[in-house]
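coords22.txt (compact mmCIF, N, CA and C atoms) appears below.
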```
# COMPACT_ATOMS: atom_id res chain seq x y z
N MET A 1 -8.99 -12.86 6.68
CA MET A 1 -8.08 -12.93 5.56
C MET A 1 -8.76 -13.71 4.44
N LEU A 2 -8.72 -13.17 3.26
CA LEU A 2 -9.21 -13.86 2.07
C LEU A 2 -8.06 -14.68 1.49
N VAL A 3 -8.29 -15.97 1.25
CA VAL A 3 -7.27 -16.83 0.68
C VAL A 3 -7.76 -17.29 -0.70
N LEU A 4 -6.95 -17.06 -1.72
CA LEU A 4 -7.32 -17.41 -3.09
C LEU A 4 -6.28 -18.32 -3.72
N SER A 5 -6.71 -19.12 -4.65
CA SER A 5 -5.79 -19.90 -5.47
C SER A 5 -5.75 -19.24 -6.84
N ARG A 6 -4.56 -19.10 -7.39
CA ARG A 6 -4.38 -18.50 -8.70
C ARG A 6 -3.37 -19.32 -9.48
N LYS A 7 -3.53 -19.37 -10.78
CA LYS A 7 -2.57 -20.03 -11.66
C LYS A 7 -1.70 -18.98 -12.32
N LEU A 8 -0.64 -19.44 -12.94
CA LEU A 8 0.28 -18.56 -13.64
C LEU A 8 -0.48 -17.65 -14.60
N GLY A 9 -0.22 -16.36 -14.51
CA GLY A 9 -0.85 -15.38 -15.39
C GLY A 9 -2.18 -14.85 -14.89
N GLU A 10 -2.77 -15.50 -13.89
CA GLU A 10 -4.05 -15.03 -13.37
C GLU A 10 -3.85 -13.84 -12.45
N LYS A 11 -4.90 -13.04 -12.31
CA LYS A 11 -4.81 -11.77 -11.58
C LYS A 11 -5.81 -11.71 -10.45
N ILE A 12 -5.51 -10.84 -9.51
CA ILE A 12 -6.42 -10.48 -8.43
C ILE A 12 -6.56 -8.97 -8.50
N VAL A 13 -7.80 -8.49 -8.49
CA VAL A 13 -8.05 -7.05 -8.55
C VAL A 13 -8.49 -6.58 -7.18
N ILE A 14 -7.85 -5.53 -6.67
CA ILE A 14 -8.17 -4.96 -5.36
C ILE A 14 -8.66 -3.54 -5.58
N GLY A 15 -9.89 -3.29 -5.19
CA GLY A 15 -10.47 -1.98 -5.41
C GLY A 15 -10.58 -1.68 -6.90
N ASP A 16 -10.45 -0.40 -7.23
CA ASP A 16 -10.58 0.03 -8.62
C ASP A 16 -9.27 0.07 -9.39
N ASN A 17 -8.13 0.08 -8.67
CA ASN A 17 -6.89 0.37 -9.39
C ASN A 17 -5.65 -0.36 -8.89
N ILE A 18 -5.82 -1.51 -8.23
CA ILE A 18 -4.67 -2.32 -7.83
C ILE A 18 -4.86 -3.72 -8.41
N VAL A 19 -3.84 -4.21 -9.11
CA VAL A 19 -3.90 -5.53 -9.74
C VAL A 19 -2.66 -6.32 -9.32
N VAL A 20 -2.88 -7.54 -8.83
CA VAL A 20 -1.81 -8.45 -8.45
C VAL A 20 -1.83 -9.60 -9.45
N THR A 21 -0.67 -9.87 -10.09
CA THR A 21 -0.58 -10.91 -11.12
C THR A 21 0.45 -11.95 -10.71
N VAL A 22 0.12 -13.23 -10.87
CA VAL A 22 1.09 -14.30 -10.65
C VAL A 22 1.94 -14.37 -11.92
N VAL A 23 3.23 -14.04 -11.81
CA VAL A 23 4.09 -13.99 -12.99
C VAL A 23 5.05 -15.17 -13.11
N LYS A 24 5.29 -15.90 -11.98
CA LYS A 24 6.18 -17.06 -12.05
C LYS A 24 5.90 -17.98 -10.88
N ILE A 25 5.91 -19.28 -11.15
CA ILE A 25 5.75 -20.29 -10.10
C ILE A 25 6.92 -21.26 -10.24
N ASP A 26 7.65 -21.47 -9.14
CA ASP A 26 8.82 -22.35 -9.17
C ASP A 26 8.93 -23.10 -7.85
N ARG A 27 8.51 -24.34 -7.84
CA ARG A 27 8.54 -25.21 -6.65
C ARG A 27 7.91 -24.54 -5.44
N ASN A 28 8.70 -24.06 -4.49
CA ASN A 28 8.16 -23.49 -3.26
C ASN A 28 8.18 -21.96 -3.27
N GLN A 29 8.24 -21.35 -4.42
CA GLN A 29 8.29 -19.90 -4.50
C GLN A 29 7.42 -19.41 -5.66
N ILE A 30 6.73 -18.30 -5.43
CA ILE A 30 6.00 -17.66 -6.52
C ILE A 30 6.52 -16.24 -6.67
N ARG A 31 6.34 -15.69 -7.84
CA ARG A 31 6.70 -14.30 -8.09
C ARG A 31 5.42 -13.60 -8.50
N ILE A 32 5.15 -12.46 -7.86
CA ILE A 32 3.95 -11.71 -8.19
C ILE A 32 4.33 -10.31 -8.66
N GLY A 33 3.49 -9.77 -9.52
CA GLY A 33 3.63 -8.38 -9.95
C GLY A 33 2.47 -7.60 -9.38
N ILE A 34 2.76 -6.37 -8.93
CA ILE A 34 1.72 -5.53 -8.34
C ILE A 34 1.66 -4.22 -9.12
N GLU A 35 0.49 -3.93 -9.66
CA GLU A 35 0.27 -2.65 -10.34
C GLU A 35 -0.61 -1.81 -9.42
N ALA A 36 -0.09 -0.64 -9.02
CA ALA A 36 -0.83 0.25 -8.13
C ALA A 36 -0.49 1.69 -8.50
N PRO A 37 -1.38 2.63 -8.18
CA PRO A 37 -1.07 4.03 -8.43
C PRO A 37 0.18 4.46 -7.68
N HIS A 38 0.85 5.48 -8.18
CA HIS A 38 2.09 5.95 -7.55
C HIS A 38 1.87 6.43 -6.11
N ASP A 39 0.68 6.86 -5.79
CA ASP A 39 0.42 7.37 -4.43
C ASP A 39 0.05 6.26 -3.44
N VAL A 40 0.06 5.00 -3.88
CA VAL A 40 -0.22 3.86 -2.99
C VAL A 40 1.10 3.14 -2.71
N PRO A 41 1.61 3.24 -1.48
CA PRO A 41 2.87 2.57 -1.18
C PRO A 41 2.69 1.05 -1.13
N VAL A 42 3.66 0.32 -1.67
CA VAL A 42 3.65 -1.14 -1.66
C VAL A 42 4.99 -1.59 -1.07
N TYR A 43 4.95 -2.36 0.02
CA TYR A 43 6.15 -2.80 0.72
C TYR A 43 6.13 -4.30 0.93
N ARG A 44 7.31 -4.91 1.00
CA ARG A 44 7.42 -6.26 1.56
C ARG A 44 7.25 -6.11 3.07
N GLU A 45 6.67 -7.10 3.71
CA GLU A 45 6.39 -6.99 5.14
C GLU A 45 7.63 -6.66 5.96
N GLU A 46 8.75 -7.26 5.62
CA GLU A 46 9.96 -7.07 6.44
C GLU A 46 10.55 -5.67 6.36
N ILE A 47 10.16 -4.87 5.37
CA ILE A 47 10.68 -3.50 5.30
C ILE A 47 9.58 -2.45 5.44
N ALA A 48 8.35 -2.89 5.66
CA ALA A 48 7.22 -1.96 5.77
C ALA A 48 7.34 -1.14 7.05
N PRO A 49 6.90 0.12 6.98
CA PRO A 49 6.84 0.91 8.22
C PRO A 49 5.91 0.22 9.22
N GLN A 50 6.23 0.32 10.48
CA GLN A 50 5.42 -0.32 11.51
C GLN A 50 4.04 0.33 11.58
N ARG A 51 3.01 -0.52 11.68
CA ARG A 51 1.65 -0.01 11.83
C ARG A 51 1.29 -0.03 13.31
N THR A 52 0.43 0.88 13.72
CA THR A 52 0.00 0.90 15.11
C THR A 52 -0.97 -0.24 15.36
N GLY A 53 -1.14 -0.62 16.61
CA GLY A 53 -2.07 -1.68 16.96
C GLY A 53 -3.48 -1.38 16.48
N GLN A 54 -3.92 -0.13 16.60
CA GLN A 54 -5.26 0.25 16.17
C GLN A 54 -5.40 0.08 14.66
N ALA A 55 -4.42 0.53 13.89
CA ALA A 55 -4.49 0.41 12.43
C ALA A 55 -4.52 -1.06 12.04
N MET A 56 -3.76 -1.91 12.71
CA MET A 56 -3.74 -3.32 12.39
C MET A 56 -5.10 -3.95 12.69
N HIS A 57 -5.73 -3.51 13.79
CA HIS A 57 -7.03 -4.04 14.15
C HIS A 57 -8.07 -3.64 13.09
N GLU A 58 -8.00 -2.43 12.58
CA GLU A 58 -8.96 -1.94 11.60
C GLU A 58 -8.92 -2.73 10.30
N VAL A 59 -7.73 -3.20 9.91
CA VAL A 59 -7.62 -3.96 8.65
C VAL A 59 -7.69 -5.47 8.89
N GLY A 60 -7.92 -5.87 10.13
CA GLY A 60 -8.10 -7.28 10.42
C GLY A 60 -6.85 -8.10 10.50
N VAL A 61 -5.72 -7.47 10.82
CA VAL A 61 -4.45 -8.21 10.92
C VAL A 61 -4.34 -8.82 12.28
```

Structure translated into structure tokens:
Amino acid sequence: MLVLSRKLGEKIVIGDNIVVTVVKIDRNQIRIGIEAPHDVPVYREEIAPQRTGQAMHEVGV
């Protein structure tokens, strides 16, 4: 897992076309914005479709 520190307004770029931006910081909570192509699904972990054990191993989870 890559762990980064970011300040308000700073971005993280993933691949060629995914951008994660820190849009709000408030005590123990942050708000992020995610820009991704329409064909790339983005889910919160608690509502994401279940991944198989093999798929999780491949991405290092």

Which residue is closest to Val42 of chain A? Choose from A:Ile25, A:Leu2, A:Ile12, A:Val20 and count only C-alpha atoms. A:Val20

Chain A: residues DSSP assigns to alpha helix (DSSP H), reported as JSON, numbers by chain: {"A": [53, 54, 55, 56, 57, 58]}

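Going from atom C of Arg27 of chain A to atom C of Pro41 of chain A covers 26.5 Å.
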
Please identify the strand (DSSP E or B) residues within chain A (assignment by DSSP from backbone atoms) and present them as number ranges by chain. A: 11-14, 18-26, 29-35

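Of note, atom CA of Glu35 of chain A and atom CA of Glu10 of chain A are spaced 13.5 Å apart.
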
Between atom CA of Leu8 of chain A and atom CA of Val22 of chain A, measure the distance and give it in Å to one decimal. 5.3 Å
